[in-house]
Amino acid sequence: MSPMHDVDPSMSIRLPRMPQAVVFDMDGLLFDTEALYRDAMLAAAQVLGRTMPLSLYLASIGLSGEATRQALGEYFGPDFDLDRFWKQAATAFHARTTTELQLKPGVVELVGSLEELGIPFAIATSSGHHDVERNLGLYGLFDRFPVVVAQGDYQLGKPHPEPFLTAARRLDVAPELCLALEDSHNGVRSASSAGMMTIMVPDLLAATEEIRSLCIGVAGNLGDVHAALLHHARGAHVPA
């Protein structure tokens, strides 16, 4: 599915200050995985003779696996075989990633510029470390992300701020000096409540009024973020 560019193209992203670190989400931000998760989960529900509404999946974007399982259990009820569903969905998802996993536009260029500028960066994701390693490894990016905060590195997942606060601590940069990049509502809530400058890059979810109020901007893609970073780095005037 094509990304939802919920952005006025006449407006550019303007950073209020130069970030001292950048924290990336992974699914839907670095990799086009959310549509793969969606299709795998909806198909798994059908295998079990149930229908999973798209709205239920969209509400789960950015949540931890545990929180997603809880939401599914509440919706389908106690007779629903969650373990079988989860296994079926995981198998289908991993099969799809071997042939369909796509890197989002602008990732390589943005990472390269951060390295050139000496700005450290990290990943803060609701996925597990093995998923991060697989995805980055498929595109030769694993060694370029030395700081990864994934499932198991925090107790409270998104929308709680702990994943982003953990990333800031590992980067040794104050949260308010970090730029967070997210595609989900739950991720934006997490990053914003951690005190980070937050930019949403919509994937399957458009930016709502609430989400816009939590962001310094909404970008069409990571190329827009890259342009804003270089604009600020070159010392161009940034309107107040």
# chains A, B, ... in the order shown; residues from 1 in each chain; ligands from 1
call {"tool": "residues_around", "arguments": {"residues": "Leu30 in chain A", "least_positions_apart": "2", "cutoff": "8 Å", "atoms": "only C-alpha atoms", "output": "list in words"}}
result
Phe24, Asp25, Met26, Asp27, Gly28, Asp32, Leu103, Lys104 and Val107 of chain A
call {"tool": "residues_around", "arguments": {"residues": "Leu58 in chain A", "least_positions_apart": "5", "cutoff": "10 Å", "atoms": "only C-alpha atoms", "output": "PDB file with all heavy atoms, in the first residue's frame"}}
result
ATOM      1  N   GLU A  34       4.162  -2.372   7.952  1.00  0.00           N
ATOM      2  CA  GLU A  34       2.834  -2.331   8.551  1.00  0.00           C
ATOM      3  C   GLU A  34       1.781  -2.978   7.642  1.00  0.00           C
ATOM      4  O   GLU A  34       0.883  -3.671   8.114  1.00  0.00           O
ATOM      5  CB  GLU A  34       2.431  -0.894   8.897  1.00  0.00           C
ATOM      6  CG  GLU A  34       3.247  -0.258  10.019  1.00  0.00           C
ATOM      7  CD  GLU A  34       3.062  -0.942  11.363  1.00  0.00           C
ATOM      8  OE1 GLU A  34       2.301  -1.921  11.455  1.00  0.00           O
ATOM      9  OE2 GLU A  34       3.690  -0.481  12.334  1.00  0.00           O
ATOM     10  N   ARG A  38      -0.506  -6.134   8.580  1.00  0.00           N
ATOM     11  CA  ARG A  38      -1.963  -6.036   8.405  1.00  0.00           C
ATOM     12  C   ARG A  38      -2.500  -7.232   7.626  1.00  0.00           C
ATOM     13  O   ARG A  38      -3.440  -7.910   8.067  1.00  0.00           O
ATOM     14  CB  ARG A  38      -2.296  -4.747   7.657  1.00  0.00           C
ATOM     15  CG  ARG A  38      -3.766  -4.555   7.297  1.00  0.00           C
ATOM     16  CD  ARG A  38      -3.906  -3.556   6.161  1.00  0.00           C
ATOM     17  NE  ARG A  38      -3.235  -4.035   4.954  1.00  0.00           N
ATOM     18  CZ  ARG A  38      -2.812  -3.224   3.978  1.00  0.00           C
ATOM     19  NH1 ARG A  38      -2.987  -1.930   4.058  1.00  0.00           N
ATOM     20  NH2 ARG A  38      -2.222  -3.745   2.911  1.00  0.00           N
ATOM     21  N   PRO A  53     -11.622  -6.752  11.907  1.00  0.00           N
ATOM     22  CA  PRO A  53     -11.862  -5.469  11.243  1.00  0.00           C
ATOM     23  C   PRO A  53     -10.559  -4.680  11.083  1.00  0.00           C
ATOM     24  O   PRO A  53      -9.678  -4.732  11.951  1.00  0.00           O
ATOM     25  CB  PRO A  53     -12.833  -4.746  12.189  1.00  0.00           C
ATOM     26  CG  PRO A  53     -12.631  -5.395  13.516  1.00  0.00           C
ATOM     27  CD  PRO A  53     -12.254  -6.817  13.238  1.00  0.00           C
ATOM     28  N   SER A 184       3.222   6.187  13.628  1.00  0.00           N
ATOM     29  CA  SER A 184       1.968   5.794  14.274  1.00  0.00           C
ATOM     30  C   SER A 184       1.521   6.811  15.312  1.00  0.00           C
ATOM     31  O   SER A 184       2.329   7.575  15.860  1.00  0.00           O
ATOM     32  CB  SER A 184       2.124   4.425  14.944  1.00  0.00           C
ATOM     33  OG  SER A 184       2.905   4.524  16.127  1.00  0.00           O
ATOM     34  N   HIS A 185       0.237   6.790  15.602  1.00  0.00           N
ATOM     35  CA  HIS A 185      -0.299   7.665  16.645  1.00  0.00           C
ATOM     36  C   HIS A 185       0.290   7.292  18.005  1.00  0.00           C
ATOM     37  O   HIS A 185       0.683   8.176  18.785  1.00  0.00           O
ATOM     38  CB  HIS A 185      -1.818   7.555  16.700  1.00  0.00           C
ATOM     39  CG  HIS A 185      -2.491   8.032  15.449  1.00  0.00           C
ATOM     40  ND1 HIS A 185      -3.842   7.890  15.243  1.00  0.00           N
ATOM     41  CD2 HIS A 185      -2.010   8.654  14.334  1.00  0.00           C
ATOM     42  CE1 HIS A 185      -4.168   8.408  14.065  1.00  0.00           C
ATOM     43  NE2 HIS A 185      -3.079   8.864  13.494  1.00  0.00           N
ATOM     44  N   LEU A 204       0.201   4.071   7.346  1.00  0.00           N
ATOM     45  CA  LEU A 204      -1.192   3.638   7.199  1.00  0.00           C
ATOM     46  C   LEU A 204      -2.166   4.559   7.925  1.00  0.00           C
ATOM     47  O   LEU A 204      -3.366   4.492   7.699  1.00  0.00           O
ATOM     48  CB  LEU A 204      -1.364   2.209   7.729  1.00  0.00           C
ATOM     49  CG  LEU A 204      -0.554   1.115   7.029  1.00  0.00           C
ATOM     50  CD1 LEU A 204      -0.948  -0.256   7.574  1.00  0.00           C
ATOM     51  CD2 LEU A 204      -0.747   1.161   5.524  1.00  0.00           C
ATOM     52  N   LEU A 205      -1.660   5.389   8.798  1.00  0.00           N
ATOM     53  CA  LEU A 205      -2.507   6.288   9.589  1.00  0.00           C
ATOM     54  C   LEU A 205      -2.235   7.739   9.235  1.00  0.00           C
ATOM     55  O   LEU A 205      -1.077   8.164   9.172  1.00  0.00           O
ATOM     56  CB  LEU A 205      -2.239   6.084  11.087  1.00  0.00           C
ATOM     57  CG  LEU A 205      -2.620   4.735  11.689  1.00  0.00           C
ATOM     58  CD1 LEU A 205      -2.073   4.614  13.115  1.00  0.00           C
ATOM     59  CD2 LEU A 205      -4.134   4.562  11.689  1.00  0.00           C
TER      60      LEU A 205
END
call {"tool": "residues_around", "arguments": {"residues": "Arg69 in chain A", "least_positions_apart": "3", "cutoff": "12 Å", "atoms": "only C-alpha atoms", "output": "list in words"}}
result
Met41, Leu56, Tyr57, Ser60, Leu63, Ser64, Gly65, Glu66, Leu72, Gly73, Glu74, Tyr75, Phe76, Gly77, Pro78, Phe80, Asp81, Leu82, Asp83, Arg84, Phe85, Trp86, Lys87 and Ala89 of chain A
call {"tool": "atom_distance", "arguments": {"atom1": "CA of His94 in chain A", "atom2": "CA of Leu222 in chain A"}}
result
25.0 Å
call {"tool": "closest_residue", "arguments": {"among": "A:Met18, A:Val47, A:Cys178, A:Leu101", "to": "Thr33 in chain A", "atoms": "only C-alpha atoms"}}
result
A:Leu101
call {"tool": "select_by_dssp", "arguments": {"residues": "range 48-104 of chain A", "states": "alpha helix (DSSP H)", "output": "JSON, numbers by chain"}}
result
{"A": [54, 55, 56, 57, 58, 59, 60, 65, 66, 67, 68, 69, 70, 71, 72, 73, 74, 75, 76, 82, 83, 84, 85, 86, 87, 88, 89, 90, 91, 92, 93, 94, 95, 96, 97, 98, 99, 100]}
call {"tool": "write_last_selection", "arguments": {"atoms": "N, CA, C and O atoms", "output": "short mmCIF file (atom, residue, chain, number, x, y, z; two decimals), in the first residue's frame"}}
result
data_model
loop_
_atom_site.label_atom_id
_atom_site.label_comp_id
_atom_site.auth_asym_id
_atom_site.auth_seq_id
_atom_site.Cartn_x
_atom_site.Cartn_y
_atom_site.Cartn_z
N LEU A 54 -10.45 -3.96 9.99
CA LEU A 54 -9.25 -3.16 9.74
C LEU A 54 -9.03 -2.16 10.87
O LEU A 54 -7.88 -1.89 11.24
N SER A 55 -10.11 -1.63 11.42
CA SER A 55 -9.98 -0.64 12.49
C SER A 55 -9.26 -1.20 13.71
O SER A 55 -8.53 -0.49 14.40
N LEU A 56 -9.47 -2.49 13.97
CA LEU A 56 -8.80 -3.13 15.11
C LEU A 56 -7.30 -3.19 14.86
O LEU A 56 -6.50 -2.92 15.77
N TYR A 57 -6.91 -3.53 13.64
CA TYR A 57 -5.48 -3.56 13.33
C TYR A 57 -4.88 -2.15 13.41
O TYR A 57 -3.82 -1.95 14.01
N LEU A 58 -5.55 -1.19 12.82
CA LEU A 58 -5.01 0.18 12.81
C LEU A 58 -4.83 0.72 14.22
O LEU A 58 -3.86 1.43 14.50
N ALA A 59 -5.73 0.36 15.12
CA ALA A 59 -5.62 0.82 16.51
C ALA A 59 -4.43 0.19 17.22
O ALA A 59 -3.95 0.72 18.23
N SER A 60 -3.94 -0.94 16.69
CA SER A 60 -2.84 -1.64 17.34
C SER A 60 -1.47 -1.18 16.86
O SER A 60 -0.45 -1.55 17.45
N GLY A 65 3.62 -6.20 21.38
CA GLY A 65 2.93 -7.45 21.09
C GLY A 65 1.97 -7.83 22.20
O GLY A 65 0.85 -8.30 21.94
N GLU A 66 2.38 -7.60 23.43
CA GLU A 66 1.53 -7.93 24.58
C GLU A 66 0.25 -7.11 24.57
O GLU A 66 -0.85 -7.64 24.79
N ALA A 67 0.38 -5.81 24.29
CA ALA A 67 -0.80 -4.94 24.27
C ALA A 67 -1.72 -5.30 23.10
O ALA A 67 -2.94 -5.25 23.21
N THR A 68 -1.11 -5.68 21.98
CA THR A 68 -1.91 -6.09 20.82
C THR A 68 -2.67 -7.38 21.11
O THR A 68 -3.86 -7.50 20.78
N ARG A 69 -2.01 -8.33 21.75
CA ARG A 69 -2.68 -9.58 22.12
C ARG A 69 -3.85 -9.31 23.06
O ARG A 69 -4.91 -9.93 22.95
N GLN A 70 -3.65 -8.38 23.99
CA GLN A 70 -4.73 -8.04 24.93
C GLN A 70 -5.92 -7.45 24.19
O GLN A 70 -7.08 -7.81 24.46
N ALA A 71 -5.65 -6.56 23.24
CA ALA A 71 -6.73 -5.94 22.47
C ALA A 71 -7.47 -6.99 21.64
O ALA A 71 -8.71 -6.97 21.54
N LEU A 72 -6.73 -7.93 21.06
CA LEU A 72 -7.35 -8.99 20.27
C LEU A 72 -8.22 -9.88 21.15
O LEU A 72 -9.32 -10.29 20.77
N GLY A 73 -7.70 -10.21 22.33
CA GLY A 73 -8.45 -11.05 23.26
C GLY A 73 -9.74 -10.41 23.70
O GLY A 73 -10.78 -11.07 23.80
N GLU A 74 -9.68 -9.10 23.94
CA GLU A 74 -10.88 -8.37 24.35
C GLU A 74 -11.91 -8.33 23.22
O GLU A 74 -13.12 -8.41 23.47
N TYR A 75 -11.45 -8.23 21.99
CA TYR A 75 -12.37 -8.14 20.86
C TYR A 75 -12.98 -9.49 20.52
O TYR A 75 -14.21 -9.61 20.35
N PHE A 76 -12.15 -10.54 20.40
CA PHE A 76 -12.63 -11.83 19.95
C PHE A 76 -13.20 -12.70 21.07
O PHE A 76 -13.94 -13.64 20.80
N LEU A 82 -5.84 -17.44 20.68
CA LEU A 82 -4.88 -16.38 20.42
C LEU A 82 -3.50 -16.94 20.04
O LEU A 82 -2.82 -16.39 19.17
N ASP A 83 -3.09 -18.02 20.69
CA ASP A 83 -1.78 -18.59 20.39
C ASP A 83 -1.70 -19.08 18.95
O ASP A 83 -0.71 -18.86 18.25
N ARG A 84 -2.76 -19.76 18.52
CA ARG A 84 -2.78 -20.25 17.14
C ARG A 84 -2.82 -19.08 16.16
O ARG A 84 -2.13 -19.10 15.14
N PHE A 85 -3.62 -18.07 16.47
CA PHE A 85 -3.70 -16.89 15.63
C PHE A 85 -2.33 -16.22 15.52
O PHE A 85 -1.88 -15.87 14.41
N TRP A 86 -1.67 -16.04 16.65
CA TRP A 86 -0.38 -15.34 16.68
C TRP A 86 0.68 -16.10 15.87
O TRP A 86 1.44 -15.50 15.12
N LYS A 87 0.68 -17.42 16.02
CA LYS A 87 1.63 -18.24 15.29
C LYS A 87 1.36 -18.18 13.79
O LYS A 87 2.29 -18.06 12.98
N GLN A 88 0.08 -18.26 13.42
CA GLN A 88 -0.31 -18.19 12.01
C GLN A 88 0.09 -16.85 11.40
O GLN A 88 0.64 -16.79 10.29
N ALA A 89 -0.19 -15.77 12.12
CA ALA A 89 0.13 -14.44 11.62
C ALA A 89 1.63 -14.25 11.50
O ALA A 89 2.13 -13.67 10.53
N ALA A 90 2.39 -14.72 12.50
CA ALA A 90 3.84 -14.57 12.48
C ALA A 90 4.46 -15.33 11.31
O ALA A 90 5.36 -14.83 10.63
N THR A 91 3.96 -16.54 11.07
CA THR A 91 4.47 -17.34 9.96
C THR A 91 4.21 -16.66 8.62
O THR A 91 5.10 -16.58 7.76
N ALA A 92 3.00 -16.14 8.46
CA ALA A 92 2.64 -15.46 7.22
C ALA A 92 3.46 -14.18 7.05
O ALA A 92 3.93 -13.87 5.94
N PHE A 93 3.66 -13.45 8.12
CA PHE A 93 4.43 -12.20 8.04
C PHE A 93 5.87 -12.47 7.65
O PHE A 93 6.42 -11.82 6.75
N HIS A 94 6.50 -13.41 8.32
CA HIS A 94 7.90 -13.70 8.04
C HIS A 94 8.09 -14.24 6.62
O HIS A 94 9.10 -13.95 5.97
N ALA A 95 7.11 -14.98 6.13
CA ALA A 95 7.18 -15.46 4.75
C ALA A 95 7.13 -14.28 3.78
O ALA A 95 7.86 -14.25 2.77
N ARG A 96 6.30 -13.30 4.08
CA ARG A 96 6.17 -12.13 3.20
C ARG A 96 7.43 -11.28 3.22
O ARG A 96 7.82 -10.71 2.18
N THR A 97 8.08 -11.16 4.39
CA THR A 97 9.25 -10.29 4.48
C THR A 97 10.41 -10.80 3.62
O THR A 97 11.25 -10.00 3.19
N THR A 98 10.47 -12.09 3.36
CA THR A 98 11.57 -12.63 2.57
C THR A 98 11.53 -12.14 1.13
O THR A 98 12.57 -12.07 0.46
N THR A 99 10.36 -11.77 0.65
CA THR A 99 10.23 -11.34 -0.75
C THR A 99 9.65 -9.93 -0.90
O THR A 99 9.81 -9.32 -1.96
N GLU A 100 8.98 -9.43 0.13
CA GLU A 100 8.23 -8.18 -0.03
C GLU A 100 8.72 -7.03 0.85
O GLU A 100 8.20 -5.91 0.76
#
call {"tool": "decode", "arguments": {"residues": "range 11-26 of chain A", "atoms": "all heavy atoms", "output": "PDB file, in the first residue's frame"}}
result
ATOM      1  N   MET A  11       4.112  23.323   2.522  1.00  0.00           N
ATOM      2  CA  MET A  11       4.747  23.585   3.810  1.00  0.00           C
ATOM      3  C   MET A  11       5.925  22.656   3.999  1.00  0.00           C
ATOM      4  O   MET A  11       5.861  21.475   3.699  1.00  0.00           O
ATOM      5  CB  MET A  11       3.737  23.391   4.946  1.00  0.00           C
ATOM      6  CG  MET A  11       2.559  24.339   4.905  1.00  0.00           C
ATOM      7  SD  MET A  11       1.439  24.119   6.294  1.00  0.00           S
ATOM      8  CE  MET A  11       2.489  24.626   7.646  1.00  0.00           C
ATOM      9  N   SER A  12       7.015  23.180   4.513  1.00  0.00           N
ATOM     10  CA  SER A  12       8.189  22.367   4.779  1.00  0.00           C
ATOM     11  C   SER A  12       8.343  22.182   6.279  1.00  0.00           C
ATOM     12  O   SER A  12       7.811  22.944   7.088  1.00  0.00           O
ATOM     13  CB  SER A  12       9.444  23.022   4.197  1.00  0.00           C
ATOM     14  OG  SER A  12       9.641  24.306   4.775  1.00  0.00           O
ATOM     15  N   ILE A  13       9.093  21.151   6.648  1.00  0.00           N
ATOM     16  CA  ILE A  13       9.375  20.910   8.059  1.00  0.00           C
ATOM     17  C   ILE A  13      10.441  21.888   8.525  1.00  0.00           C
ATOM     18  O   ILE A  13      11.480  22.044   7.878  1.00  0.00           O
ATOM     19  CB  ILE A  13       9.874  19.460   8.261  1.00  0.00           C
ATOM     20  CG1 ILE A  13       8.834  18.451   7.767  1.00  0.00           C
ATOM     21  CG2 ILE A  13      10.207  19.218   9.730  1.00  0.00           C
ATOM     22  CD1 ILE A  13       7.539  18.476   8.523  1.00  0.00           C
ATOM     23  N   ARG A  14      10.194  22.535   9.644  1.00  0.00           N
ATOM     24  CA  ARG A  14      11.167  23.467  10.211  1.00  0.00           C
ATOM     25  C   ARG A  14      11.530  23.006  11.621  1.00  0.00           C
ATOM     26  O   ARG A  14      10.662  22.913  12.480  1.00  0.00           O
ATOM     27  CB  ARG A  14      10.608  24.887  10.231  1.00  0.00           C
ATOM     28  CG  ARG A  14      10.411  25.477   8.841  1.00  0.00           C
ATOM     29  CD  ARG A  14       9.809  26.874   8.911  1.00  0.00           C
ATOM     30  NE  ARG A  14       9.759  27.508   7.602  1.00  0.00           N
ATOM     31  CZ  ARG A  14       8.795  27.327   6.715  1.00  0.00           C
ATOM     32  NH1 ARG A  14       7.777  26.526   7.016  1.00  0.00           N
ATOM     33  NH2 ARG A  14       8.823  27.933   5.549  1.00  0.00           N
ATOM     34  N   LEU A  15      12.793  22.728  11.828  1.00  0.00           N
ATOM     35  CA  LEU A  15      13.255  22.282  13.132  1.00  0.00           C
ATOM     36  C   LEU A  15      13.444  23.486  14.045  1.00  0.00           C
ATOM     37  O   LEU A  15      14.081  24.471  13.655  1.00  0.00           O
ATOM     38  CB  LEU A  15      14.579  21.530  13.002  1.00  0.00           C
ATOM     39  CG  LEU A  15      14.576  20.274  12.122  1.00  0.00           C
ATOM     40  CD1 LEU A  15      15.993  19.735  11.977  1.00  0.00           C
ATOM     41  CD2 LEU A  15      13.651  19.219  12.698  1.00  0.00           C
ATOM     42  N   PRO A  16      12.924  23.427  15.278  1.00  0.00           N
ATOM     43  CA  PRO A  16      13.105  24.556  16.196  1.00  0.00           C
ATOM     44  C   PRO A  16      14.548  24.702  16.658  1.00  0.00           C
ATOM     45  O   PRO A  16      14.982  25.783  17.048  1.00  0.00           O
ATOM     46  CB  PRO A  16      12.173  24.207  17.366  1.00  0.00           C
ATOM     47  CG  PRO A  16      12.012  22.724  17.292  1.00  0.00           C
ATOM     48  CD  PRO A  16      12.070  22.368  15.842  1.00  0.00           C
ATOM     49  N   ARG A  17      15.316  23.609  16.615  1.00  0.00           N
ATOM     50  CA  ARG A  17      16.735  23.614  16.966  1.00  0.00           C
ATOM     51  C   ARG A  17      17.368  22.374  16.357  1.00  0.00           C
ATOM     52  O   ARG A  17      16.689  21.420  16.008  1.00  0.00           O
ATOM     53  CB  ARG A  17      16.931  23.616  18.490  1.00  0.00           C
ATOM     54  CG  ARG A  17      16.222  22.485  19.217  1.00  0.00           C
ATOM     55  CD  ARG A  17      16.285  22.666  20.726  1.00  0.00           C
ATOM     56  NE  ARG A  17      15.466  21.674  21.418  1.00  0.00           N
ATOM     57  CZ  ARG A  17      14.157  21.799  21.631  1.00  0.00           C
ATOM     58  NH1 ARG A  17      13.529  22.880  21.201  1.00  0.00           N
ATOM     59  NH2 ARG A  17      13.478  20.863  22.276  1.00  0.00           N
ATOM     60  N   MET A  18      18.674  22.404  16.244  1.00  0.00           N
ATOM     61  CA  MET A  18      19.384  21.270  15.681  1.00  0.00           C
ATOM     62  C   MET A  18      19.370  20.121  16.680  1.00  0.00           C
ATOM     63  O   MET A  18      19.768  20.284  17.832  1.00  0.00           O
ATOM     64  CB  MET A  18      20.831  21.651  15.365  1.00  0.00           C
ATOM     65  CG  MET A  18      21.536  20.642  14.488  1.00  0.00           C
ATOM     66  SD  MET A  18      20.810  20.592  12.827  1.00  0.00           S
ATOM     67  CE  MET A  18      21.886  19.369  12.066  1.00  0.00           C
ATOM     68  N   PRO A  19      18.880  18.956  16.282  1.00  0.00           N
ATOM     69  CA  PRO A  19      18.875  17.830  17.222  1.00  0.00           C
ATOM     70  C   PRO A  19      20.292  17.340  17.508  1.00  0.00           C
ATOM     71  O   PRO A  19      21.163  17.372  16.633  1.00  0.00           O
ATOM     72  CB  PRO A  19      18.069  16.757  16.481  1.00  0.00           C
ATOM     73  CG  PRO A  19      18.228  17.095  15.034  1.00  0.00           C
ATOM     74  CD  PRO A  19      18.309  18.588  14.977  1.00  0.00           C
ATOM     75  N   GLN A  20      20.510  16.907  18.722  1.00  0.00           N
ATOM     76  CA  GLN A  20      21.793  16.310  19.089  1.00  0.00           C
ATOM     77  C   GLN A  20      21.757  14.794  18.934  1.00  0.00           C
ATOM     78  O   GLN A  20      22.796  14.133  19.057  1.00  0.00           O
ATOM     79  CB  GLN A  20      22.180  16.708  20.512  1.00  0.00           C
ATOM     80  CG  GLN A  20      22.465  18.197  20.657  1.00  0.00           C
ATOM     81  CD  GLN A  20      23.022  18.561  22.018  1.00  0.00           C
ATOM     82  OE1 GLN A  20      23.467  17.710  22.784  1.00  0.00           O
ATOM     83  NE2 GLN A  20      22.999  19.850  22.340  1.00  0.00           N
ATOM     84  N   ALA A  21      20.573  14.248  18.687  1.00  0.00           N
ATOM     85  CA  ALA A  21      20.413  12.825  18.411  1.00  0.00           C
ATOM     86  C   ALA A  21      19.071  12.631  17.722  1.00  0.00           C
ATOM     87  O   ALA A  21      18.171  13.474  17.839  1.00  0.00           O
ATOM     88  CB  ALA A  21      20.476  11.992  19.694  1.00  0.00           C
ATOM     89  N   VAL A  22      18.938  11.530  16.994  1.00  0.00           N
ATOM     90  CA  VAL A  22      17.693  11.203  16.308  1.00  0.00           C
ATOM     91  C   VAL A  22      17.288   9.786  16.684  1.00  0.00           C
ATOM     92  O   VAL A  22      18.126   8.876  16.698  1.00  0.00           O
ATOM     93  CB  VAL A  22      17.841  11.313  14.767  1.00  0.00           C
ATOM     94  CG1 VAL A  22      16.571  10.856  14.063  1.00  0.00           C
ATOM     95  CG2 VAL A  22      18.190  12.748  14.371  1.00  0.00           C
ATOM     96  N   VAL A  23      16.005   9.616  16.996  1.00  0.00           N
ATOM     97  CA  VAL A  23      15.490   8.294  17.352  1.00  0.00           C
ATOM     98  C   VAL A  23      14.420   7.895  16.342  1.00  0.00           C
ATOM     99  O   VAL A  23      13.417   8.592  16.173  1.00  0.00           O
ATOM    100  CB  VAL A  23      14.904   8.276  18.779  1.00  0.00           C
ATOM    101  CG1 VAL A  23      14.470   6.856  19.150  1.00  0.00           C
ATOM    102  CG2 VAL A  23      15.922   8.793  19.790  1.00  0.00           C
ATOM    103  N   PHE A  24      14.667   6.792  15.667  1.00  0.00           N
ATOM    104  CA  PHE A  24      13.760   6.282  14.644  1.00  0.00           C
ATOM    105  C   PHE A  24      12.854   5.192  15.212  1.00  0.00           C
ATOM    106  O   PHE A  24      13.320   4.309  15.941  1.00  0.00           O
ATOM    107  CB  PHE A  24      14.545   5.614  13.505  1.00  0.00           C
ATOM    108  CG  PHE A  24      15.413   6.512  12.683  1.00  0.00           C
ATOM    109  CD1 PHE A  24      16.691   6.848  13.096  1.00  0.00           C
ATOM    110  CD2 PHE A  24      14.960   6.992  11.465  1.00  0.00           C
ATOM    111  CE1 PHE A  24      17.518   7.639  12.308  1.00  0.00           C
ATOM    112  CE2 PHE A  24      15.773   7.793  10.661  1.00  0.00           C
ATOM    113  CZ  PHE A  24      17.055   8.120  11.090  1.00  0.00           C
ATOM    114  N   ASP A  25      11.598   5.213  14.842  1.00  0.00           N
ATOM    115  CA  ASP A  25      10.772   4.020  14.945  1.00  0.00           C
ATOM    116  C   ASP A  25      11.249   3.085  13.824  1.00  0.00           C
ATOM    117  O   ASP A  25      12.048   3.490  12.964  1.00  0.00           O
ATOM    118  CB  ASP A  25       9.302   4.399  14.752  1.00  0.00           C
ATOM    119  CG  ASP A  25       8.380   3.195  14.723  1.00  0.00           C
ATOM    120  OD1 ASP A  25       8.517   2.318  15.601  1.00  0.00           O
ATOM    121  OD2 ASP A  25       7.553   3.109  13.805  1.00  0.00           O
ATOM    122  N   MET A  26      10.779   1.838  13.792  1.00  0.00           N
ATOM    123  CA  MET A  26      11.179   0.948  12.715  1.00  0.00           C
ATOM    124  C   MET A  26      10.030   0.619  11.769  1.00  0.00           C
ATOM    125  O   MET A  26      10.047   0.991  10.600  1.00  0.00           O
ATOM    126  CB  MET A  26      11.772  -0.356  13.264  1.00  0.00           C
ATOM    127  CG  MET A  26      12.277  -1.276  12.141  1.00  0.00           C
ATOM    128  SD  MET A  26      13.004  -2.838  12.697  1.00  0.00           S
ATOM    129  CE  MET A  26      11.534  -3.745  13.195  1.00  0.00           C
TER     130      MET A  26
END
